[in-house]
Structures are given as structure tokens and as C-alpha cells.
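coords-v8.cif (mmCIF, C-alpha atoms) appears below.
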data_protein
loop_
_atom_site.group_PDB
_atom_site.id
_atom_site.type_symbol
_atom_site.label_atom_id
_atom_site.label_comp_id
_atom_site.auth_asym_id
_atom_site.auth_seq_id
_atom_site.Cartn_x
_atom_site.Cartn_y
_atom_site.Cartn_z
ATOM 1 C CA VAL A 1 131.316 66.540 136.243
ATOM 2 C CA GLY A 2 132.480 69.413 138.474
ATOM 3 C CA ASN A 3 133.324 69.325 142.152
ATOM 4 C CA ILE A 4 131.888 66.311 143.966
ATOM 5 C CA ASP A 5 131.882 66.154 147.743
ATOM 6 C CA GLU A 6 133.727 63.228 149.298
ATOM 7 C CA GLY A 7 130.524 61.940 150.913
ATOM 8 C CA TYR A 8 129.011 61.056 147.517
ATOM 9 C CA LEU A 9 127.955 57.381 147.609
ATOM 10 C CA LEU A 10 128.991 55.372 144.581
ATOM 11 C CA SER A 11 126.554 53.075 142.792
ATOM 12 C CA PRO A 12 126.379 51.030 139.581
ATOM 13 C CA GLY A 13 126.508 53.329 136.555
ATOM 14 C CA ASP A 14 129.006 55.782 138.036
ATOM 15 C CA GLU A 15 132.196 55.998 135.988
ATOM 16 C CA LEU A 16 135.631 56.611 137.502
ATOM 17 C CA ARG A 17 139.028 57.635 136.196
ATOM 18 C CA ILE A 18 141.770 56.103 138.350
ATOM 19 C CA THR A 19 145.351 57.264 137.999
ATOM 20 C CA VAL A 20 148.546 56.215 139.755
ATOM 21 C CA PHE A 21 151.505 58.513 139.152
ATOM 22 C CA GLY A 22 155.044 58.868 140.464
ATOM 23 C CA ASN A 23 157.417 55.898 140.505
ATOM 24 C CA ASN A 24 154.585 53.737 139.152
ATOM 25 C CA ALA A 25 151.983 54.552 136.542
ATOM 26 C CA LEU A 26 148.413 53.450 135.917
ATOM 27 C CA SER A 27 145.590 55.161 134.085
ATOM 28 C CA THR A 28 142.240 53.505 133.649
ATOM 29 C CA GLN A 29 138.613 54.496 133.251
ATOM 30 C CA SER A 30 135.949 52.112 134.452
ATOM 31 C CA LYS A 31 132.193 52.105 134.996
ATOM 32 C CA ILE A 32 130.858 50.434 138.142
ATOM 33 C CA ASP A 33 128.989 47.348 136.908
ATOM 34 C CA LEU A 34 125.637 46.012 138.076
ATOM 35 C CA ASN A 35 127.398 43.907 140.714
ATOM 36 C CA GLY A 36 128.958 47.057 142.154
ATOM 37 C CA ASN A 37 132.473 46.239 140.914
ATOM 38 C CA ILE A 38 135.151 47.933 138.874
ATOM 39 C CA VAL A 39 137.481 45.658 136.913
ATOM 40 C CA PHE A 40 141.224 46.193 136.563
ATOM 41 C CA PRO A 41 142.178 44.093 133.493
ATOM 42 C CA ASP A 42 145.434 42.698 134.950
ATOM 43 C CA LEU A 43 144.830 43.161 138.671
ATOM 44 C CA GLY A 44 141.388 41.831 139.490
ATOM 45 C CA VAL A 45 137.988 43.024 140.677
ATOM 46 C CA PHE A 46 137.350 45.695 143.285
ATOM 47 C CA GLN A 47 134.020 46.285 145.089
ATOM 48 C CA ALA A 48 133.274 49.998 144.653
ATOM 49 C CA ALA A 49 129.521 50.476 145.101
ATOM 50 C CA GLY A 50 128.393 51.534 148.561
ATOM 51 C CA ASN A 51 131.604 53.428 149.249
ATOM 52 C CA SER A 52 131.799 57.171 149.572
ATOM 53 C CA LEU A 53 134.436 58.795 147.404
ATOM 54 C CA LYS A 54 136.508 59.282 150.549
ATOM 55 C CA SER A 55 136.351 55.645 151.670
ATOM 56 C CA LEU A 56 136.917 54.441 148.101
ATOM 57 C CA LYS A 57 140.200 56.368 147.931
ATOM 58 C CA SER A 58 141.520 54.842 151.158
ATOM 59 C CA ARG A 59 140.400 51.286 150.278
ATOM 60 C CA LEU A 60 141.638 51.505 146.707
ATOM 61 C CA LYS A 61 145.016 52.735 147.895
ATOM 62 C CA ILE A 62 145.374 49.557 149.980
ATOM 63 C CA PHE A 63 144.158 47.345 147.093
ATOM 64 C CA LEU A 64 146.457 48.920 144.493
ATOM 65 C CA GLY A 65 149.294 49.083 147.024
ATOM 66 C CA LYS A 66 149.635 45.300 146.583
ATOM 67 C CA PHE A 67 150.699 45.922 142.993
ATOM 68 C CA TYR A 68 152.249 49.391 143.225
ATOM 69 C CA ASN A 69 154.509 49.417 146.294
ATOM 70 C CA GLY A 70 155.137 53.135 146.147
ATOM 71 C CA LEU A 71 151.541 53.846 147.196
ATOM 72 C CA VAL A 72 152.039 52.405 150.670
ATOM 73 C CA SER A 73 155.801 52.774 151.125
ATOM 74 C CA ASN A 74 157.345 55.204 153.579
ATOM 75 C CA PRO A 75 158.212 57.660 152.178
ATOM 76 C CA GLN A 76 155.427 57.378 149.625
ATOM 77 C CA ASN A 77 156.690 57.723 146.037
ATOM 78 C CA ALA A 78 153.563 56.902 144.064
ATOM 79 C CA PHE A 79 150.240 58.684 144.358
ATOM 80 C CA LEU A 80 146.614 57.911 143.616
ATOM 81 C CA ASP A 81 144.055 60.220 142.006
ATOM 82 C CA ILE A 82 140.381 59.314 141.540
ATOM 83 C CA SER A 83 137.797 61.406 139.721
ATOM 84 C CA LEU A 84 134.194 60.858 138.659
ATOM 85 C CA THR A 85 133.833 61.201 134.894
ATOM 86 C CA GLN A 86 130.168 60.261 134.679
ATOM 87 C CA ILE A 87 127.368 60.180 137.239
ATOM 88 C CA ARG A 88 124.616 57.603 137.056
ATOM 89 C CA PRO A 89 121.074 58.795 136.333
ATOM 90 C CA VAL A 90 118.348 58.119 138.892
ATOM 91 C CA THR A 91 114.590 57.936 138.388
ATOM 92 C CA VAL A 92 112.361 59.652 140.941
ATOM 93 C CA ASN A 93 108.610 60.139 141.041
ATOM 94 C CA VAL A 94 107.154 63.579 141.681
ATOM 95 C CA LEU A 95 103.505 63.147 142.652
ATOM 96 C CA GLY A 96 100.661 65.437 143.622
ATOM 97 C CA GLU A 97 100.456 69.114 142.699
ATOM 98 C CA ALA A 98 103.413 69.269 140.289
ATOM 99 C CA LEU A 99 102.975 70.771 136.832
ATOM 100 C CA THR A 100 104.179 67.526 135.222
ATOM 101 C CA PRO A 101 103.736 64.761 137.805
ATOM 102 C CA GLY A 102 105.212 61.327 137.221
ATOM 103 C CA PRO A 103 108.661 59.753 136.838
ATOM 104 C CA HIS A 104 111.600 62.039 136.076
ATOM 105 C CA LEU A 105 115.187 61.163 135.222
ATOM 106 C CA VAL A 106 117.739 63.266 137.110
ATOM 107 C CA ASN A 107 121.459 62.811 137.745
ATOM 108 C CA GLY A 108 122.882 61.208 140.864
ATOM 109 C CA LEU A 109 123.660 64.589 142.448
ATOM 110 C CA ALA A 110 120.080 65.857 142.175
ATOM 111 C CA THR A 111 118.196 67.023 145.256
ATOM 112 C CA VAL A 112 114.509 67.474 146.041
ATOM 113 C CA LEU A 113 114.640 71.044 144.699
ATOM 114 C CA ASN A 114 116.196 69.798 141.440
ATOM 115 C CA ALA A 115 113.445 67.188 141.027
ATOM 116 C CA ILE A 116 110.684 69.750 141.619
ATOM 117 C CA TYR A 117 112.309 71.944 138.958
ATOM 118 C CA ALA A 118 112.477 68.944 136.575
ATOM 119 C CA ALA A 119 108.753 68.407 137.153
ATOM 120 C CA GLY A 120 108.010 71.975 136.042
ATOM 121 C CA GLY A 121 107.508 73.372 139.523
ATOM 122 C CA ILE A 122 104.469 73.408 141.790
ATOM 123 C CA LYS A 123 100.934 74.353 140.751
ATOM 124 C CA THR A 124 99.297 77.318 142.463
ATOM 125 C CA SER A 125 97.028 74.727 144.097
ATOM 126 C CA GLY A 126 100.038 72.946 145.618
ATOM 127 C CA SER A 127 101.632 73.426 149.024
ATOM 128 C CA LEU A 128 105.032 75.020 149.422
ATOM 129 C CA ARG A 129 105.066 74.288 153.143
ATOM 130 C CA LYS A 130 104.753 70.515 153.431
ATOM 131 C CA ILE A 131 106.534 68.605 150.659
ATOM 132 C CA ILE A 132 107.267 65.019 151.686
ATOM 133 C CA LEU A 133 110.086 62.735 150.537
ATOM 134 C CA TYR A 134 109.331 59.007 150.676
ATOM 135 C CA ARG A 135 112.118 56.420 150.465
ATOM 136 C CA ASN A 136 111.508 52.680 150.679
ATOM 137 C CA ASN A 137 107.831 53.383 151.444
ATOM 138 C CA LYS A 138 108.681 55.545 154.461
ATOM 139 C CA ALA A 139 108.407 59.310 154.888
ATOM 140 C CA VAL A 140 112.015 60.335 155.557
ATOM 141 C CA LYS A 141 111.893 64.138 155.257
ATOM 142 C CA GLU A 142 109.417 67.005 155.169
ATOM 143 C CA PHE A 143 110.363 70.211 153.356
ATOM 144 C CA ASP A 144 109.163 73.758 153.844
ATOM 145 C CA LEU A 145 110.089 75.739 150.735
ATOM 146 C CA TYR A 146 109.526 79.030 152.578
ATOM 147 C CA ASP A 147 112.899 78.321 154.234
ATOM 148 C CA TYR A 148 114.379 78.488 150.741
ATOM 149 C CA ILE A 149 112.198 81.190 149.183
ATOM 150 C CA THR A 150 112.261 83.707 152.018
ATOM 151 C CA ALA A 151 115.655 82.971 153.602
ATOM 152 C CA GLY A 152 117.648 81.250 150.862
ATOM 153 C CA ASN A 153 118.251 78.322 153.211
ATOM 154 C CA ILE A 154 118.905 75.055 151.359
ATOM 155 C CA ASP A 155 120.671 73.244 154.215
ATOM 156 C CA SER A 156 117.800 70.805 154.598
ATOM 157 C CA ASP A 157 117.782 69.743 150.924
ATOM 158 C CA VAL A 158 118.476 66.029 150.402
ATOM 159 C CA ARG A 159 120.294 64.196 147.618
ATOM 160 C CA LEU A 160 117.952 61.768 145.884
ATOM 161 C CA MET A 161 118.186 58.029 145.329
ATOM 162 C CA SER A 162 116.573 55.989 142.565
ATOM 163 C CA GLY A 163 112.974 55.115 143.446
ATOM 164 C CA ASP A 164 112.420 58.108 145.741
ATOM 165 C CA ILE A 165 108.940 59.659 145.750
ATOM 166 C CA ILE A 166 108.332 63.371 146.261
ATOM 167 C CA PHE A 167 104.747 64.179 147.179
ATOM 168 C CA ILE A 168 103.368 67.707 146.868
ATOM 169 C CA PRO A 169 100.010 67.986 148.713
ATOM 170 C CA PRO A 170 97.330 70.646 148.116
ATOM 171 C CA ARG A 171 97.843 74.073 149.706
ATOM 172 C CA LEU A 172 97.160 74.297 153.425
ATOM 173 C CA ASN A 173 95.368 77.640 152.915
ATOM 174 C CA SER A 174 95.566 80.849 150.882
ATOM 175 C CA ILE A 175 95.992 84.169 152.691
ATOM 176 C CA THR A 176 96.168 87.383 150.675
ATOM 177 C CA LEU A 177 98.381 90.087 152.128
ATOM 178 C CA LYS A 178 98.015 93.630 150.726
ATOM 179 C CA GLY A 179 99.129 97.084 151.714
ATOM 180 C CA ASN A 180 102.375 98.547 152.999
ATOM 181 C CA VAL A 181 104.547 95.443 153.116
ATOM 182 C CA LYS A 182 107.573 94.728 150.954
ATOM 183 C CA ASN A 183 106.014 91.807 149.076
ATOM 184 C CA THR A 184 102.248 91.709 148.678
ATOM 185 C CA ALA A 185 101.182 88.232 147.640
ATOM 186 C CA ILE A 186 99.093 85.199 148.482
ATOM 187 C CA TYR A 187 100.784 83.284 151.291
ATOM 188 C CA GLU A 188 100.356 79.918 152.960
ATOM 189 C CA LEU A 189 100.593 79.556 156.732
ATOM 190 C CA LYS A 190 100.970 76.527 158.946
ATOM 191 C CA ASN A 191 98.473 75.977 161.749
ATOM 192 C CA ASP A 192 100.742 77.351 164.484
ATOM 193 C CA GLU A 193 101.761 80.508 162.581
ATOM 194 C CA THR A 194 100.372 83.981 163.184
ATOM 195 C CA ILE A 195 100.027 87.312 161.416
ATOM 196 C CA SER A 196 103.521 88.271 162.597
ATOM 197 C CA ASP A 197 104.897 85.247 160.721
ATOM 198 C CA LEU A 198 102.920 86.360 157.674
ATOM 199 C CA VAL A 199 104.387 89.848 157.778
ATOM 200 C CA GLY A 200 107.837 88.325 158.251
ATOM 201 C CA TYR A 201 107.458 86.191 155.120
ATOM 202 C CA SER A 202 106.463 89.313 153.195
ATOM 203 C CA GLY A 203 109.781 90.955 154.049
ATOM 204 C CA GLY A 204 108.313 93.200 156.728
ATOM 205 C CA LEU A 205 106.456 96.498 156.835
ATOM 206 C CA MET A 206 107.376 99.454 154.657
ATOM 207 C CA PRO A 207 109.055 102.404 156.478
ATOM 208 C CA ASP A 208 105.778 104.372 156.396
#
How would this structure read if it were set down as C-alpha cells?
Amino acid sequence: VGNIDEGYLLSPGDELRITVFGNNALSTQSKIDLNGNIVFPDLGVFQAAGNSLKSLKSRLKIFLGKFYNGLVSNPQNAFLDISLTQIRPVTVNVLGEALTPGPHLVNGLATVLNAIYAAGGIKTSGSLRKIILYRNNKAVKEFDLYDYITAGNIDSDVRLMSGDIIFIPPRLNSITLKGNVKNTAIYELKNDETISDLVGYSGGLMPD
């Protein structure tokens, strides 16, 4: 599934390949069940859901160290490798001014931008400046896509969880900018923004 950051939170439906190599050997592939567990046929049950990949590795090393001494011996002569082989799908709702509003199935690494893409993008009547993410019936994040479109900044993007709602409201306003600027277009400004912000979003004035 590609490179996964160690902060990825595991949930039921994620599938893991767990390998011990060195003086001891183990190779198993297991999907996290609905109770949040992975089952080792001869060793027992291990609670995996709710852990980040990083914390799972440290906890699993201790758990497996009971059966494979080399994992926790000094010097260590057995080693543990964990990789995600399948990522659970999550269902999110994209509501408001999306081209195809409603529930969308995305993978567990998807972000707000990915979900908007899955919903076909935003209608011309929709706002790019005030997209709201709701989680557990609370607004948890507000997104301004101009940060992404004009500056390529995706630092504020958020990984989604099942049941999240992304609401795209109507446009705040429509301001047509013409003339000697780098990108003539129809823009949308927030209440506290001025014509200098508008020219900045356009890429600035032409040399002439």
C-alpha cells in the first residue's frame, strides 16, 4: 500500500503482515477484527486497534518477546517487521455544493481533498474558502482551498475517519478580475480581504 507514516491509527479492517526474523522466525498475515484484535493461532490475541503503527511495533515486540526471546534479549538476535498490506475503507459524506453530493467510499488514508475529488469536485456555485469538516456532530476544521490552489499548501489537510461529514457551502461572493494580471478569473474573497489580496491571488500584476 506504499509508504505509511508511523502515526497512522489502526482500526478494524486494516490488514497487517507481521514477520519475526533472525534466530527465531514467524510470518503471519492478519486482518484486525471487529473487536480490534489480531489473532496469532498458537500465541493468543493481541489488541491492535487504536494503536498507531509506531506504538503497535513497540507493544507487539513486548508481546511477541514472551515467545521469541531474541526480540528482547541483549544483544537482540531476532527482529520484528510490520507492514500494512490492506487499508480499511471509510465512508464519508460530502454535502452541499459538490458535483455528486452524498456518501463516498474512500480508503483509510484519504484526506478532505481526496474526498472532494471523489465527489467530483465543487460546483461553480460552491465556496472554495470555507469548507467545513464535521466529526461526531462537531465542526473540527475549516478549510480554505485558496491556500492549496494559489500556494500549493496542503499542510492543513486532515485524514478522514468513517462517518465524517464535509460540507461545502455556497460561494461567499463572486468578483471578476480582468486586465493586466497573471490570472484573470472570477475570485471569492472573505469579508476581511481587500483588493490587494485579490491581486495576490491572481499571481500579481503583469510587468507592464
Please report the interatomic distance between CA of Val39 in chain A and CA of Ser73 in chain A in Å with one decimal. 24.3 Å
Tell me, as a list in words, which residues lie within 10 Å of Tyr187 in chain A, counting all atoms listed in the file; anything in the same chain fewer than 3 positions away does not count.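 Using all atoms listed in the file, the neighbours found are Leu128, Tyr146, Arg171, Leu172, Asn173, Ser174, Ile175, Thr176, Leu177, Thr184, Leu198, Val199, Tyr201 and Ser202 of chain A.
Going from CA of Lys130 in chain A to CA of Ile149 in chain A covers 13.7 Å.
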Chain and number of each residue from the PyMOL selection byres ((chain A and resi 123) around 8), as a list in words: Glu97, Ala98, Leu99, Gly121, Ile122, Thr124, Ser125 and Gly126 of chain A
Between A:Asp155, A:Glu15, A:Glu142, A:Glu188, which is the closest to Arg88 in chain A once you count all atoms listed in the file?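 The closest residue to Arg88 in chain A is A:Glu15.
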Kindly extract all protein, DNA and RNA residues lying within 7 Å of the coordinates (114.9, 61.0, 137.2) given in the file, considering all atoms listed in the file, and supply them as a ChimeraX atom specification. /A:89-92,103-107
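The nearest approach to Val94 in chain A among the residues A:Gln29, A:Asn183, A:Ser11, A:Asn114, with all atoms listed in the file taken into account, belongs to A:Asn114.
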Counting all atoms listed in the file, I want the residues whose atoms come within 12 Å of (135.1, 48.3, 139.7) in the file frame, returned as a ChimeraX atom specification. /A:10-18,28-41,43-51,56,60,63
Ground truth for the PyMOL selection byres ((chain A and resi 75-86) around 8), written as a CSV table (one decimal) with C-alpha atoms, keeping the file's coordinate frame:
chain,number,residue,atom,x,y,z
A,1,VAL,CA,131.3,66.5,136.2
A,4,ILE,CA,131.9,66.3,144.0
A,14,ASP,CA,129.0,55.8,138.0
A,15,GLU,CA,132.2,56.0,136.0
A,16,LEU,CA,135.6,56.6,137.5
A,17,ARG,CA,139.0,57.6,136.2
A,18,ILE,CA,141.8,56.1,138.4
A,19,THR,CA,145.4,57.3,138.0
A,20,VAL,CA,148.5,56.2,139.8
A,21,PHE,CA,151.5,58.5,139.2
A,22,GLY,CA,155.0,58.9,140.5
A,23,ASN,CA,157.4,55.9,140.5
A,24,ASN,CA,154.6,53.7,139.2
A,57,LYS,CA,140.2,56.4,147.9
A,61,LYS,CA,145.0,52.7,147.9
A,68,TYR,CA,152.2,49.4,143.2
A,69,ASN,CA,154.5,49.4,146.3
A,70,GLY,CA,155.1,53.1,146.1
A,71,LEU,CA,151.5,53.8,147.2
A,72,VAL,CA,152.0,52.4,150.7
A,73,SER,CA,155.8,52.8,151.1
A,74,ASN,CA,157.3,55.2,153.6
A,87,ILE,CA,127.4,60.2,137.2
A,88,ARG,CA,124.6,57.6,137.1
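Note that CA of Ile166 in chain A and CA of Ile132 in chain A are 5.8 Å apart.
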Close residues, Val181 in chain A itself excluded, 6 Å, all atoms listed in the file, min 2 positions apart in chain, as a list in words: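 Everything that qualifies: Gly179, Asn183, Gly204, Leu205 and Met206 of chain A.
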Which residue of A:Ser58, A:Thr111, A:Asn93, A:Asn180 approaches Phe143 in chain A most closely, using only C-alpha atoms: A:Thr111
